[in-house]
file query.txt (compact mmCIF, C-alpha atoms)
# COMPACT_ATOMS: atom_id res chain seq x y z
CA MET C 750 -194.08 -91.99 -28.60
CA GLU C 751 -193.51 -91.86 -32.35
CA LYS C 752 -197.26 -91.86 -32.96
CA GLU C 753 -197.71 -89.02 -30.47
CA ILE C 754 -195.11 -86.95 -32.30
CA ASP C 755 -196.70 -87.82 -35.64
CA ALA C 756 -199.95 -86.39 -34.32
CA LEU C 757 -198.43 -82.96 -33.75
CA PRO C 758 -198.96 -80.32 -36.46
CA HIS C 759 -196.08 -79.99 -38.89
CA GLU C 760 -195.47 -76.37 -37.79
CA ILE C 761 -195.14 -77.39 -34.10
CA VAL C 762 -192.59 -80.11 -34.86
CA ALA C 763 -190.65 -77.69 -37.07
CA LYS C 764 -190.63 -75.12 -34.26
CA ILE C 765 -189.34 -77.69 -31.74
CA LEU C 766 -186.64 -78.91 -34.11
CA SER C 767 -185.47 -75.34 -34.76
CA PHE C 768 -183.96 -75.38 -31.23
CA VAL C 769 -182.06 -78.64 -31.69
CA PRO C 770 -178.26 -78.23 -32.09
CA ILE C 771 -177.33 -78.33 -35.76
CA ASP C 772 -174.99 -81.30 -35.20
CA ASN C 773 -177.95 -83.36 -34.00
CA LEU C 774 -180.45 -81.84 -36.41
CA ILE C 775 -178.93 -83.51 -39.46
CA GLU C 776 -178.65 -86.83 -37.60
CA LEU C 777 -182.43 -86.68 -37.08
CA LEU C 778 -182.99 -86.94 -40.83
CA SER C 779 -182.97 -90.72 -40.45
CA VAL C 780 -185.45 -90.95 -37.53
CA CYS C 781 -188.59 -91.29 -39.64
CA LYS C 782 -190.20 -90.12 -42.87
CA LEU C 783 -192.08 -87.33 -41.11
CA TRP C 784 -188.94 -85.81 -39.62
CA TYR C 785 -187.08 -86.22 -42.89
CA ALA C 786 -189.85 -84.31 -44.68
CA ILE C 787 -189.73 -81.56 -42.06
CA LEU C 788 -185.94 -81.33 -41.96
CA THR C 789 -185.65 -81.01 -45.73
CA ASP C 790 -187.95 -77.98 -45.62
CA ILE C 791 -185.93 -74.80 -46.26
CA VAL C 792 -188.06 -72.88 -43.74
CA VAL C 793 -186.81 -75.05 -40.85
CA TRP C 794 -183.20 -74.31 -41.71
CA ILE C 795 -183.79 -70.58 -42.02
CA LYS C 796 -185.49 -70.53 -38.62
CA ARG C 797 -182.66 -72.64 -37.18
CA PHE C 798 -180.03 -70.14 -38.32
CA GLU C 799 -182.12 -67.29 -36.92
CA THR C 800 -182.33 -69.10 -33.56
CA GLU C 801 -178.52 -69.43 -33.57
CA GLY C 802 -178.24 -65.72 -34.33
CA VAL C 803 -176.01 -66.52 -37.29
CA TYR C 804 -176.35 -65.03 -40.75
CA ALA C 805 -176.94 -67.84 -43.23
CA GLY C 806 -174.18 -66.67 -45.54
CA PRO C 807 -172.55 -68.65 -48.34
CA ASP C 808 -169.63 -69.94 -46.24
CA ILE C 809 -171.88 -71.42 -43.57
CA LEU C 810 -174.31 -72.90 -46.06
CA LYS C 811 -171.48 -74.36 -48.10
CA HIS C 812 -170.25 -76.45 -45.18
CA VAL C 813 -173.16 -77.00 -42.81
CA TRP C 814 -174.32 -80.31 -44.30
CA HIS C 815 -170.75 -81.68 -44.49
CA THR C 816 -169.52 -81.12 -40.96
CA LYS C 817 -169.50 -82.39 -37.43
CA LYS C 818 -167.03 -80.05 -35.76
CA ASP C 819 -167.67 -77.08 -33.53
CA TRP C 820 -168.18 -73.55 -34.81
CA ASP C 821 -164.99 -71.94 -36.08
CA ASP C 822 -165.49 -68.25 -36.82
CA LYS C 823 -169.18 -69.07 -37.35
CA VAL C 824 -168.36 -71.46 -40.21
CA TYR C 825 -168.66 -75.22 -39.96
CA LEU C 826 -165.61 -77.14 -41.21
CA GLY C 827 -164.91 -80.82 -41.71
CA THR C 828 -166.82 -83.62 -43.41
CA TYR C 829 -170.16 -85.19 -42.63
CA LYS C 830 -170.67 -88.93 -42.98
CA ARG C 831 -174.05 -88.21 -44.49
CA LYS C 832 -174.39 -85.48 -47.12
CA TRP C 833 -177.51 -83.43 -47.27
CA ASP C 834 -179.63 -83.93 -50.37
CA ILE C 835 -178.60 -81.88 -53.40
CA LYS C 836 -181.92 -80.09 -53.65
CA GLY C 837 -181.67 -78.84 -50.08
CA GLN C 838 -178.06 -77.78 -50.64
CA GLU C 839 -178.88 -75.79 -53.76
CA THR C 840 -181.91 -74.20 -52.13
CA LEU C 841 -179.85 -72.98 -49.18
CA MET C 842 -177.15 -71.60 -51.46
CA HIS C 843 -179.78 -69.76 -53.51
CA TYR C 844 -181.32 -68.37 -50.34
CA SER C 845 -177.91 -67.13 -49.23
CA LYS C 846 -177.24 -65.42 -52.56
CA LEU C 847 -180.64 -63.74 -52.60
CA ASN C 848 -180.12 -62.50 -49.04
CA SER C 849 -176.53 -61.32 -49.58
CA CYS C 850 -177.12 -57.54 -49.85
CA SER C 851 -175.85 -57.60 -53.44
CA ASN C 852 -177.22 -55.00 -55.82
CA PHE C 853 -179.74 -56.57 -58.19
CA LEU C 854 -179.35 -53.73 -60.67
CA GLU C 855 -176.48 -54.17 -63.11
CA ASN C 856 -174.35 -51.67 -65.03
CA VAL C 857 -175.91 -49.07 -62.74
CA ASN C 858 -173.97 -46.06 -64.05
CA MET C 859 -174.01 -47.21 -67.68
CA ASP C 860 -170.22 -47.30 -67.55
CA LYS C 861 -169.57 -51.04 -67.94
CA GLY C 862 -166.48 -51.39 -70.12
CA VAL C 863 -166.45 -47.67 -70.96
CA LYS C 864 -163.03 -46.04 -71.07
CA VAL C 865 -162.62 -43.26 -68.54
CA PRO C 866 -162.81 -39.98 -70.49
CA GLU C 867 -159.66 -37.86 -70.54
CA SER C 868 -161.67 -34.67 -70.26
CA ALA C 869 -164.83 -33.65 -68.46
CA ALA C 870 -166.85 -33.99 -71.65
CA PRO C 871 -169.71 -36.54 -71.38
CA VAL C 872 -169.30 -39.78 -73.36
CA GLU C 873 -171.72 -42.33 -74.78
CA PRO C 874 -173.12 -44.78 -72.22
CA ASN C 875 -173.23 -48.56 -72.38
CA ARG C 876 -176.95 -49.47 -72.29
CA GLU C 877 -176.42 -53.13 -71.42
CA LYS C 878 -179.09 -54.46 -68.99
CA TRP C 879 -181.15 -51.28 -69.35
CA ILE C 880 -184.38 -51.39 -71.37
CA GLU C 881 -186.84 -48.79 -72.62
CA VAL C 882 -183.98 -46.28 -72.71
CA GLN C 883 -185.22 -42.93 -74.03
CA GLY C 884 -183.68 -39.48 -74.20
CA ASP C 885 -180.09 -38.33 -74.57
CA TRP C 886 -178.22 -40.10 -71.74
CA LYS C 887 -174.50 -39.54 -71.28
CA ILE C 888 -171.95 -40.54 -68.67
CA GLU C 889 -169.16 -38.41 -67.26
CA ILE C 890 -166.49 -38.69 -64.63
CA GLU C 891 -166.97 -36.78 -61.42
CA ASP C 892 -165.03 -33.57 -61.94
CA ASN C 893 -166.69 -31.11 -59.56
CA LYS C 894 -168.16 -29.33 -62.58
CA GLY C 895 -171.62 -28.05 -61.84
CA CYS C 896 -171.93 -29.79 -58.47
CA ASP C 897 -169.98 -30.88 -55.42
CA PHE C 898 -167.84 -34.01 -55.30
CA HIS C 899 -169.83 -37.03 -54.27
CA PRO C 900 -169.66 -37.35 -50.45
CA SER C 901 -167.88 -40.71 -50.60
CA SER C 902 -164.94 -39.43 -52.64
CA THR C 903 -162.17 -36.89 -52.21
CA GLU C 904 -161.07 -36.85 -55.83
CA PRO C 905 -162.64 -37.53 -59.24
CA SER C 906 -163.09 -41.29 -59.39
CA GLU C 907 -166.56 -42.36 -60.40
CA MET C 908 -168.49 -42.07 -63.62
CA HIS C 909 -172.16 -41.35 -63.27
CA SER C 910 -175.16 -41.08 -65.57
CA VAL C 911 -176.16 -37.60 -66.72
CA THR C 912 -179.57 -36.62 -68.09
CA SER C 913 -180.41 -33.82 -70.48
CA TYR C 914 -183.02 -31.32 -71.64
CA MET C 915 -185.36 -34.05 -72.85
CA SER C 916 -186.97 -36.67 -70.61
CA CYS C 917 -184.29 -39.32 -70.06
CA GLU C 918 -185.93 -42.59 -69.09
CA ARG C 919 -184.56 -46.07 -68.43
CA ALA C 920 -185.72 -49.30 -66.81
CA GLN C 921 -184.31 -52.64 -65.69
CA GLU C 922 -186.18 -55.87 -65.02
CA ILE C 923 -185.58 -58.01 -61.91
CA ASP C 924 -186.90 -61.54 -61.38
CA PHE C 925 -185.89 -63.09 -58.05
CA THR C 926 -187.23 -66.55 -58.95
CA THR C 927 -184.49 -67.02 -61.56
CA LEU C 928 -181.99 -66.78 -58.70
CA PHE C 929 -184.02 -68.55 -56.02
CA PRO C 930 -186.55 -71.08 -57.42
CA ALA C 931 -187.89 -71.90 -53.94
CA LEU C 932 -188.89 -68.29 -53.29
CA VAL C 933 -192.59 -68.83 -54.00
CA HIS C 934 -192.59 -71.69 -51.48
CA LEU C 935 -191.08 -69.40 -48.83
CA LEU C 936 -193.56 -66.61 -49.52
CA ASN C 937 -196.35 -69.12 -48.99
CA LYS C 938 -194.78 -70.18 -45.69
CA GLY C 939 -195.05 -66.85 -43.89
CA PHE C 940 -192.09 -64.96 -45.35
CA ILE C 941 -192.00 -61.71 -47.31
CA LEU C 942 -189.42 -59.73 -49.30
CA LYS C 943 -187.97 -56.60 -47.71
CA VAL C 944 -186.69 -54.46 -50.59
CA THR C 945 -184.33 -51.52 -50.07
CA TRP C 946 -183.79 -48.88 -52.77
CA ASN C 947 -181.05 -46.26 -52.66
CA VAL C 948 -179.61 -43.71 -55.10
CA TRP C 949 -177.54 -40.50 -55.19
CA VAL C 950 -178.75 -37.57 -57.30
CA ALA C 951 -177.24 -34.11 -57.88
CA PRO C 952 -178.40 -31.04 -59.86
CA ARG C 953 -176.22 -28.38 -61.48
CA TYR C 954 -175.56 -25.06 -59.80
CA ASP C 955 -177.37 -23.21 -62.63
CA CYS C 956 -180.32 -25.44 -63.51
CA GLU C 957 -183.35 -26.78 -61.70
CA CYS C 958 -184.32 -30.32 -62.61
CA GLU C 959 -186.64 -33.19 -61.79
CA TYR C 960 -186.06 -36.82 -60.85
CA HIS C 961 -188.53 -39.71 -60.67
CA ALA C 962 -188.15 -43.38 -59.72
CA LYS C 963 -190.67 -46.16 -59.21
CA ILE C 964 -191.25 -49.92 -59.18
CA ILE C 965 -193.63 -51.34 -61.77
CA TYR C 966 -195.10 -54.82 -61.22
CA PRO C 967 -196.20 -57.14 -64.06
CA ASP C 968 -199.85 -56.23 -63.35
CA ASN C 969 -198.90 -52.54 -63.88
CA SER C 970 -199.41 -51.63 -60.23
CA GLU C 971 -196.66 -49.34 -58.94
CA VAL C 972 -194.63 -48.44 -55.87
CA PRO C 973 -193.55 -44.77 -56.07
CA LEU C 974 -189.96 -44.38 -54.87
CA LYS C 975 -189.30 -40.68 -55.44
CA ASP C 976 -190.82 -37.73 -57.29
CA GLU C 977 -188.56 -34.76 -56.69
CA GLN C 978 -188.36 -31.26 -58.10
CA ILE C 979 -184.77 -30.19 -57.40
CA ALA C 980 -183.71 -26.56 -57.26
CA ALA C 981 -180.43 -25.43 -58.80
CA GLY C 982 -177.56 -26.16 -56.45
CA THR C 983 -174.39 -28.17 -55.96
CA ALA C 984 -175.18 -30.76 -53.26
CA TRP C 985 -175.69 -34.48 -53.81
CA ARG C 986 -178.92 -35.88 -52.39
CA ASN C 987 -179.37 -39.42 -51.11
CA PHE C 988 -182.82 -40.90 -51.74
CA SER C 989 -183.87 -44.24 -50.27
CA LYS C 990 -186.98 -46.27 -49.51
CA ILE C 991 -187.79 -49.63 -47.92
CA PHE C 992 -190.93 -51.56 -48.82
CA LEU C 993 -192.34 -55.05 -48.33
CA THR C 994 -193.68 -57.17 -51.16
CA LYS C 995 -194.67 -60.72 -52.06
CA LYS C 996 -194.21 -60.01 -55.76
CA THR C 997 -191.26 -61.98 -57.14
CA SER C 998 -190.50 -59.78 -60.14
CA PHE C 999 -190.76 -56.14 -61.11
CA LYS C 1000 -189.36 -53.38 -63.30
CA TYR C 1001 -187.22 -50.58 -61.88
CA TYR C 1002 -187.86 -47.29 -63.68
CA GLU C 1003 -186.22 -43.89 -63.33
CA MET C 1004 -186.28 -40.59 -65.20
CA GLY C 1005 -184.38 -37.31 -65.08
CA LYS C 1006 -184.77 -34.02 -66.94
CA ASP C 1007 -183.50 -30.45 -66.68
CA LYS C 1008 -186.15 -27.72 -66.59
CA LYS C 1009 -184.29 -24.75 -67.99
CA PHE C 1010 -182.11 -25.34 -71.03
CA TRP C 1011 -183.11 -26.50 -74.50
CA ALA C 1012 -179.87 -28.41 -75.21
CA GLY C 1013 -176.94 -30.01 -73.41
CA HIS C 1014 -176.66 -32.31 -70.42
CA TYR C 1015 -177.81 -30.18 -67.52
CA GLY C 1016 -180.31 -32.60 -65.99
CA PRO C 1017 -179.78 -34.47 -62.72
CA LYS C 1018 -176.65 -36.58 -62.31
CA ILE C 1019 -177.50 -40.10 -61.10
CA LEU C 1020 -175.01 -42.28 -59.22
CA ASN C 1021 -175.20 -45.89 -58.03
CA PRO C 1022 -178.91 -46.78 -57.91
CA THR C 1023 -179.23 -49.99 -55.87
CA ILE C 1024 -181.89 -52.59 -55.17
CA THR C 1025 -181.18 -55.06 -52.35
CA VAL C 1026 -183.51 -57.61 -50.78
CA LYS C 1027 -183.91 -59.67 -47.61
CA ILE C 1028 -186.27 -62.56 -46.93
CA VAL C 1029 -187.91 -61.82 -43.58
CA PRO C 1030 -190.71 -63.41 -41.53
CA LEU C 1031 -194.09 -61.78 -42.05
CA LYS C 1032 -195.08 -60.45 -38.65
call {"tool": "encode", "arguments": {"input": "query.txt", "output": "structure tokens"}}
result
Amino acid sequence: MEKEIDALPHEIVAKILSFVPIDNLIELLSVCKLWYAILTDIVVWIKRFETEGVYAGPDILKHVWHTKKDWDDKVYLGTYKRKWDIKGQETLMHYSKLNSCSNFLENVNMDKGVKVPESAAPVEPNREKWIEVQGDWKIEIEDNKGCDFHPSSTEPSEMHSVTSYMSCERAQEIDFTTLFPALVHLLNKGFILKVTWNVWVAPRYDCECEYHAKIIYPDNSEVPLKDEQIAAGTAWRNFSKIFLTKKTSFKYYEMGKDKKFWAGHYGPKILNPTITVKIVPLK
């Protein structure tokens, strides 16, 4: 029987084991070397969680290799007699963090550590995490001056980036492999990255402007996100795009500029650009 199972392709055994209850799945680590090799493959565990219909979040992954009790609010509790190997544990935790819907852009409004201004006058931004910053960027608190309040707020509460009469450019680099070293392995096993981009942009009531955003890969190929000529007005606009990629790193670039005045900060206001990612099966 063991020889017959050994003769099956690795992928078939992995598929069969993905339906085994998780309690028993870890016990099967000690059956033979073949099953141990299969069961310490991150892909099997991801497929197993998908079969269960449970999000492989940090709480589940923190406890799953330590437990032998039933599900309690979709989180395993208790202690396992046999701990899972450290490499597998770390890989699952990294997978969970990468797939957590967290924004991979940092200091998105250039307001990290900046004191909230007492007036509506723009203040100097904190450029931390941003590279290739060009043009006269400022930040200001939402004050309903020149545009509507942001749809998510009923009172001035958020500082946002403001561009000016010159081309204001900035970029931020993202490398998923620094967070999830096993990512390349997953991408070679039939998975792909589903990247979601989202941002809010507003013009002034008296000035037309332009806004551009794109992804730049290390080989200089690009994914256009938005190229928008915005008429004068007061409404915030929500731009978003979803794309699939097997590239593990890229540069996020955006630019804003007003098209009327020769001085001052009358270009588009930019609020909360976000980049989130999910690891999904390649269909």
call {"tool": "residues_around", "arguments": {"input": "query.txt", "residues": "Gln978 in chain C", "least_positions_apart": "3", "cutoff": "7 Å", "atoms": "only C-alpha atoms", "output": "mmCIF file with C-alpha atoms, in the coordinates of the input"}}
result
data_model
loop_
_atom_site.group_PDB
_atom_site.id
_atom_site.type_symbol
_atom_site.label_atom_id
_atom_site.label_comp_id
_atom_site.auth_asym_id
_atom_site.auth_seq_id
_atom_site.Cartn_x
_atom_site.Cartn_y
_atom_site.Cartn_z
ATOM 1 C CA CYS C 958 -184.320 -30.320 -62.610
ATOM 2 C CA GLU C 959 -186.640 -33.190 -61.790
ATOM 3 C CA TYR C 960 -186.060 -36.820 -60.850
#
call {"tool": "atom_distance", "arguments": {"input": "query.txt", "atom1": "CA of Glu855 in chain C", "atom2": "CA of Lys878 in chain C"}}
result
6.4 Å
call {"tool": "closest_residue", "arguments": {"input": "query.txt", "among": "C:Val857, C:Val780, C:Ile787, C:Cys956", "to": "Trp879 in chain C", "atoms": "only C-alpha atoms"}}
result
C:Val857
call {"tool": "atom_distance", "arguments": {"input": "query.txt", "atom1": "CA of Phe992 in chain C", "atom2": "CA of Trp946 in chain C"}}
result
8.6 Å
call {"tool": "closest_residue", "arguments": {"input": "query.txt", "among": "C:Ser998, C:Asn947, C:Gln921, C:Asn858", "to": "Glu881 in chain C", "atoms": "only C-alpha atoms"}}
result
C:Gln921
call {"tool": "atom_distance", "arguments": {"input": "query.txt", "atom1": "CA of Ala951 in chain C", "atom2": "CA of Lys990 in chain C"}}
result
17.7 Å
call {"tool": "residues_around", "arguments": {"input": "query.txt", "residues": "range 1015-1031 of chain C", "least_positions_apart": "3", "cutoff": "9 Å", "atoms": "all atoms listed in the file", "output": "PDB file with C-alpha atoms, keeping the file's coordinate frame"}}
result
ATOM      1  CA  TYR C 844    -181.320 -68.370 -50.340  1.00  0.00           C
ATOM      2  CA  LEU C 847    -180.640 -63.740 -52.600  1.00  0.00           C
ATOM      3  CA  ASN C 848    -180.120 -62.500 -49.040  1.00  0.00           C
ATOM      4  CA  SER C 849    -176.530 -61.320 -49.580  1.00  0.00           C
ATOM      5  CA  CYS C 850    -177.120 -57.540 -49.850  1.00  0.00           C
ATOM      6  CA  SER C 851    -175.850 -57.600 -53.440  1.00  0.00           C
ATOM      7  CA  ASN C 852    -177.220 -55.000 -55.820  1.00  0.00           C
ATOM      8  CA  PHE C 853    -179.740 -56.570 -58.190  1.00  0.00           C
ATOM      9  CA  LEU C 854    -179.350 -53.730 -60.670  1.00  0.00           C
ATOM     10  CA  GLU C 855    -176.480 -54.170 -63.110  1.00  0.00           C
ATOM     11  CA  VAL C 857    -175.910 -49.070 -62.740  1.00  0.00           C
ATOM     12  CA  ASN C 858    -173.970 -46.060 -64.050  1.00  0.00           C
ATOM     13  CA  ILE C 888    -171.950 -40.540 -68.670  1.00  0.00           C
ATOM     14  CA  GLY C 895    -171.620 -28.050 -61.840  1.00  0.00           C
ATOM     15  CA  HIS C 899    -169.830 -37.030 -54.270  1.00  0.00           C
ATOM     16  CA  GLU C 907    -166.560 -42.360 -60.400  1.00  0.00           C
ATOM     17  CA  MET C 908    -168.490 -42.070 -63.620  1.00  0.00           C
ATOM     18  CA  HIS C 909    -172.160 -41.350 -63.270  1.00  0.00           C
ATOM     19  CA  SER C 910    -175.160 -41.080 -65.570  1.00  0.00           C
ATOM     20  CA  VAL C 911    -176.160 -37.600 -66.720  1.00  0.00           C
ATOM     21  CA  THR C 912    -179.570 -36.620 -68.090  1.00  0.00           C
ATOM     22  CA  SER C 913    -180.410 -33.820 -70.480  1.00  0.00           C
ATOM     23  CA  TYR C 914    -183.020 -31.320 -71.640  1.00  0.00           C
ATOM     24  CA  MET C 915    -185.360 -34.050 -72.850  1.00  0.00           C
ATOM     25  CA  CYS C 917    -184.290 -39.320 -70.060  1.00  0.00           C
ATOM     26  CA  LEU C 932    -188.890 -68.290 -53.290  1.00  0.00           C
ATOM     27  CA  LEU C 935    -191.080 -69.400 -48.830  1.00  0.00           C
ATOM     28  CA  LEU C 936    -193.560 -66.610 -49.520  1.00  0.00           C
ATOM     29  CA  LYS C 938    -194.780 -70.180 -45.690  1.00  0.00           C
ATOM     30  CA  GLY C 939    -195.050 -66.850 -43.890  1.00  0.00           C
ATOM     31  CA  PHE C 940    -192.090 -64.960 -45.350  1.00  0.00           C
ATOM     32  CA  ILE C 941    -192.000 -61.710 -47.310  1.00  0.00           C
ATOM     33  CA  LEU C 942    -189.420 -59.730 -49.300  1.00  0.00           C
ATOM     34  CA  LYS C 943    -187.970 -56.600 -47.710  1.00  0.00           C
ATOM     35  CA  VAL C 944    -186.690 -54.460 -50.590  1.00  0.00           C
ATOM     36  CA  THR C 945    -184.330 -51.520 -50.070  1.00  0.00           C
ATOM     37  CA  TRP C 946    -183.790 -48.880 -52.770  1.00  0.00           C
ATOM     38  CA  ASN C 947    -181.050 -46.260 -52.660  1.00  0.00           C
ATOM     39  CA  VAL C 948    -179.610 -43.710 -55.100  1.00  0.00           C
ATOM     40  CA  TRP C 949    -177.540 -40.500 -55.190  1.00  0.00           C
ATOM     41  CA  VAL C 950    -178.750 -37.570 -57.300  1.00  0.00           C
ATOM     42  CA  ALA C 951    -177.240 -34.110 -57.880  1.00  0.00           C
ATOM     43  CA  PRO C 952    -178.400 -31.040 -59.860  1.00  0.00           C
ATOM     44  CA  ARG C 953    -176.220 -28.380 -61.480  1.00  0.00           C
ATOM     45  CA  ASP C 955    -177.370 -23.210 -62.630  1.00  0.00           C
ATOM     46  CA  CYS C 956    -180.320 -25.440 -63.510  1.00  0.00           C
ATOM     47  CA  GLU C 957    -183.350 -26.780 -61.700  1.00  0.00           C
ATOM     48  CA  CYS C 958    -184.320 -30.320 -62.610  1.00  0.00           C
ATOM     49  CA  GLU C 959    -186.640 -33.190 -61.790  1.00  0.00           C
ATOM     50  CA  TYR C 960    -186.060 -36.820 -60.850  1.00  0.00           C
ATOM     51  CA  ILE C 979    -184.770 -30.190 -57.400  1.00  0.00           C
ATOM     52  CA  TRP C 985    -175.690 -34.480 -53.810  1.00  0.00           C
ATOM     53  CA  TYR C1001    -187.220 -50.580 -61.880  1.00  0.00           C
ATOM     54  CA  GLY C1005    -184.380 -37.310 -65.080  1.00  0.00           C
ATOM     55  CA  LYS C1006    -184.770 -34.020 -66.940  1.00  0.00           C
ATOM     56  CA  ASP C1007    -183.500 -30.450 -66.680  1.00  0.00           C
ATOM     57  CA  LYS C1008    -186.150 -27.720 -66.590  1.00  0.00           C
ATOM     58  CA  LYS C1009    -184.290 -24.750 -67.990  1.00  0.00           C
ATOM     59  CA  PHE C1010    -182.110 -25.340 -71.030  1.00  0.00           C
ATOM     60  CA  ALA C1012    -179.870 -28.410 -75.210  1.00  0.00           C
TER      61      ALA C1012
END
